[in-house]
Every structure is written in C-alpha cells, then in structure tokens.
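Below you'll find the structure, written out as structure tokens, and then a few comments.
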Amino acid sequence: MTAVASYAEASGAGGGPAALAQGLSPLDGIVVPALCAYDLIATFFLPFVAIRLVAAERESGAGALLAQTTAGLPLRLAVKGLVLAVGGLAACLPGALALVLWRSYGGPLAFPETAAVWGGHALHALLLAAIAFAAAAVCRGSASAAIATLAVTVGTWALDFVAQGRGGLLARLAPFTPAAALHAFERGDVRLAAVTVLCAASAAAVAFAAVWLDPFRIVPRKLVATGALLAALALAVAAASALRTSWDLAEDRRSSLPRADEAALSQLAQPVRITVHLSPEDPKLYDLESNVLAKLRRVIPDLTVTYAAAGRTGLFANDGAYGEVWYQVGAKKTQLRSTTEPIVLGEIYRLAGVAPPPAAAVAPYPGYPLAVTPRGAAPLFYLAWPLAVGLAFAASRGRRRTSWSTPVTDP
C-alpha cells in the first residue's frame, strides 16, 4: 500500500510535480519495496523455525532414537528442508497477492526482473535456514543456536559495512554476503558467482549439521569432517569468485553497456588493465564502479582492475596521483579522472585502435508513470488474509486433536 501510494505521488498524483518518466520503474517502486519484508522474515523469523526443527530432536533425545532407524540424517534433513520450503511458499502468497493487485490497477510488471527479485529472496532464505541448521546441530539449546545464527548474520552485515571503507580482500568477499547478494538481485543483476557461492555455502552448512548431528561419530572424526568441509567451501568460493558470467534482467538494462559496445568490447584481443587511485570510501569510486567498472567486467575477456589506494582515506592522501584512473590496453595507456561511461569507452577504443561502433538507434527506457490508489488492499491484508490464516490454523489444530484422540486398537 505504501509502495503504490509513493509511486502515485512520484507520478504526479493530486496535481503535484511528476518525476521524469525514465526514473519510474516498477522494479524500484513496487517489486522491491513490496517484497522487502521477506528480507526481515528470512533474517529474524525463519532461523528460529529452522532451529526448532533440529533442536527439538536434540533436546528431547528423539534424534538418538531416529538415528537407529533406516531414515538417515540426510533424508531427515531433506524432509525438514522440504517442510520449510512449503511454509515459505505459503508465506510468499501475500507478496504474490500484492503484485496481482498492482497488475489489476494497470501497473506493468516485467517477468525477468521480478523473477530475479524472487530468486534472490529464495537464495537468501536458503542460506539462512542452512546456517540455522548448522547452529542447532552444535549448540546445546535453541536459545544459544539463535544467538549464534544472529551473530553470523550481523557479522556479514559488519563485513559488508567495513569493506566499503577498507577494500582489499574484504571488498572481494563483501559481494558474496547475503545482504549484498540480495541487493544485486534487487537490481535485476543475476551473477553466476553469487548464485554459486550462496548454494555452496548452503550445502556446506547442511553437511556440517549432518556431521554434528550424527550420534555415532566421535568428536575427532567430526572435527576432521568439519575441516574438510571448510576447505572444500574455501575452494568453491575461490573458484566461484573467478566466474564473470552474469545476466542483466532489469528492463532498463541498468547494469549493462549498450549492446553495440558490448559486442565490440567482447572482441578485444589485448588485455585491459585499469589502475584506480581512489580510496574505498570515496564517492567518486562508487560512481566509477557502478557506471563503468561493473559494466566492463561483464564483457571484456581479459580485464584486471587494481586499486592502488585501497585502505587509505582520500581526505588525508598526500599522493599527487590520487584521483587518477589509468587505463592500459596492450602497451598503450592513458590517464582519466572522468567516471562518465561515454568518455571512458572512447578512450578504451582509442587505446585499442578500434573504431567505436556506430550509435544504434535504441529507444530509451520509457518508464511507467501510474497514479492510482491501492484499492482493495486494506480489506485484503488487514481482514481477509489474517482471517484465512486463523481459519487454517484452527483447522490444523482440530485435525491434530482428532488424530490424538482416536484410539488405536491392537489387531
């Protein structure tokens, strides 16, 4: 409801000034804010549900009894994951209803970018549920497992925050944190490296839980298996970080160069080296990353970016080269201070001795102004949905009581 009202205000509802049409994207204005609650659900609610599924068996001793049955730990964890997935699908219904309402108002939705946002939330939830399984497998109680899970989550937030001002290794790891990966999906930028790392980390966390939940495996063997899992995960992350394949699913292609430039740059036979003399917290570096470097990484086959000022504060830098960006193609190099895409591309073409592609007639992103009111949203979300959930819960409890009260006769 807030997203639709804000979108209408930006579109000039009520006679107010309207924003430029190109800046009115349903991805930013409707899809991302309407589904942002799933980030909070995955962070602060889902782990507690996942912990209970595992910790209840440890605390009651049922896990030791189940370990003696034919149902192995992998199968039991898979069933628990399936239960969480079914619950997650049920929790997705309000978000899906919100998008259906937006469509009923006449609002457009691009399927690729919408699917990217849903996929990002799914991978985010998968990783946090796996971490909760791992924490519940080693902690003595549910409370300590919850604290451990939140510690890991807050730790990734801290890593993402510190990396913005440090650079170096932290800056290389930060894009693979759950929050940073989710933000990329919310821009429609699906990166194979991030998907691979999230899936590998989730699989490693579940395997870790299976190792430590096994009552018949002694502690030294558990430690050896844990070391092997950590080594395998480190290798997987190192290999995945080299993957440069990505898909820009946003309708406005905000993370991509024009198609003609992509085709020309992908054919460069010479290596391209870029040396950046900007500190990590410099706003100019953020502009350079988002406007130029991130787009070049998608298409240039042999590209190396070196951050010469990593870890320094530009405000107190005495280096006369601070602020310079050096571009080298083969043996030729030049220095620029501009972060504008056309200027940088022109210099790269000049250094490579390649004629710039002719500017193709590409229609600009039209934008979708729409000034509507969220009709029917309040009765649906404040009355109909809570009532449906309450009735479903009551029916479930009623069936459970009936099954408990049914006498079992011995034939």
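Lettering and numbering for the structure tokens are positional, with chains as A, B, ... in the shown order, residues counted from 1 in each chain, and ligands counted from 1 in the shown order.
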Residue list (alpha helix (DSSP H), DSSP) for segment 39-265 of chain A, as a count of residues only: 178
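Picture a line from atom CA of Lys284 of chain A to atom CA of Thr339 of chain A; it runs 7.5 Å.
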A:Leu387, A:Leu278, A:Ile348, A:Val190 ranked by distance to Tyr322 of chain A, top pick (using only C-alpha atoms): A:Leu278
Strand (DSSP E) call set, DSSP backbone run, segment 116-294 of chain A, as a count of residues only: 11
Proximity to Ala134 of chain A - best of A:Pro356, A:Ala204, A:Gly23, A:Arg221, only C-alpha atoms: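 Of all the options, A:Ala204 lies closest to Ala134 of chain A.
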Proximity to Leu73 of chain A - best of A:Ala321, A:Ala225, A:Ala242, A:Ala207, only C-alpha atoms: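 Of all the options, A:Ala207 lies closest to Leu73 of chain A.
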Surrounding residues of Asp189 of chain A excluding itself and chain neighbours under 5 positions, 7 Å, only C-alpha atoms, as a PyMOL selection string: chain A and resi 184+247-249+255
Would you write out, as JSON lines, a table of all residues in segment 217-247 of chain A that have an atom no more than 12 Å from an atom of segment 193-203 of chain A, listing for each the closest atom pair and the distance in Å to one decimal, considering only C-alpha atoms and ordering rows by chain and rising residue number?
{"residue": "A:Leu229", "atom": "CA", "partner": "A:Ala203", "partner_atom": "CA", "distance": 9.8}
{"residue": "A:Leu230", "atom": "CA", "partner": "A:Ala201", "partner_atom": "CA", "distance": 9.6}
{"residue": "A:Ala231", "atom": "CA", "partner": "A:Ala201", "partner_atom": "CA", "distance": 11.7}
{"residue": "A:Ala232", "atom": "CA", "partner": "A:Ala200", "partner_atom": "CA", "distance": 9.2}
{"residue": "A:Leu233", "atom": "CA", "partner": "A:Ala201", "partner_atom": "CA", "distance": 6.7}
{"residue": "A:Ala234", "atom": "CA", "partner": "A:Ala201", "partner_atom": "CA", "distance": 9.4}
{"residue": "A:Leu235", "atom": "CA", "partner": "A:Ala200", "partner_atom": "CA", "distance": 10.2}
{"residue": "A:Ala236", "atom": "CA", "partner": "A:Ala200", "partner_atom": "CA", "distance": 7.0}
{"residue": "A:Val237", "atom": "CA", "partner": "A:Val197", "partner_atom": "CA", "distance": 5.7}
{"residue": "A:Ala238", "atom": "CA", "partner": "A:Val197", "partner_atom": "CA", "distance": 9.1}
{"residue": "A:Ala239", "atom": "CA", "partner": "A:Ala193", "partner_atom": "CA", "distance": 8.7}
{"residue": "A:Ala240", "atom": "CA", "partner": "A:Ala193", "partner_atom": "CA", "distance": 4.9}
{"residue": "A:Ser241", "atom": "CA", "partner": "A:Ala193", "partner_atom": "CA", "distance": 5.6}
{"residue": "A:Ala242", "atom": "CA", "partner": "A:Ala193", "partner_atom": "CA", "distance": 7.4}
{"residue": "A:Leu243", "atom": "CA", "partner": "A:Ala193", "partner_atom": "CA", "distance": 5.3}
{"residue": "A:Arg244", "atom": "CA", "partner": "A:Ala193", "partner_atom": "CA", "distance": 6.9}
{"residue": "A:Thr245", "atom": "CA", "partner": "A:Ala193", "partner_atom": "CA", "distance": 7.5}
{"residue": "A:Ser246", "atom": "CA", "partner": "A:Ala193", "partner_atom": "CA", "distance": 8.1}
{"residue": "A:Trp247", "atom": "CA", "partner": "A:Ala193", "partner_atom": "CA", "distance": 11.2}
Segment 106-111 of chain A environment, 9 Å, only C-alpha atoms, sequence neighbours closer than 3 positions dropped, as number ranges by chain: A: 26-27, 31, 99, 101-103, 114-116, 249-251, 368-370, 372
Close residues, Thr156 of chain A itself excluded, 9 Å, only C-alpha atoms, min 2 positions apart in chain, as an MDAnalysis selection string: chainID A and resid 151:154 158:161 174 177:179
Distance in Å - atom CA of Val219 of chain A versus atom CA of Arg58 of chain A: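 Separation between atom CA of Val219 of chain A and atom CA of Arg58 of chain A: 16.3 Å.
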Contacts of Pro374 of chain A within 12 Å, only C-alpha atoms, excl. fewer than 5 positions in-chain, as a ChimeraX atom specification: /A:1-8,30,98-107,379-381
Residues within 12 Å of Glu57 of chain A, only C-alpha atoms, excluding chain neighbours under 6 positions, as a VMD selection string: chain A and resid 51 63 to 67 73 76 to 77 80 136 to 137 140 to 142 213 to 215
Gap from atom CA of Thr304 of chain A to atom CA of Thr334 of chain A - Å, one decimal: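 Atom CA of Thr334 of chain A lies at a distance of 15.4 Å from atom CA of Thr304 of chain A.
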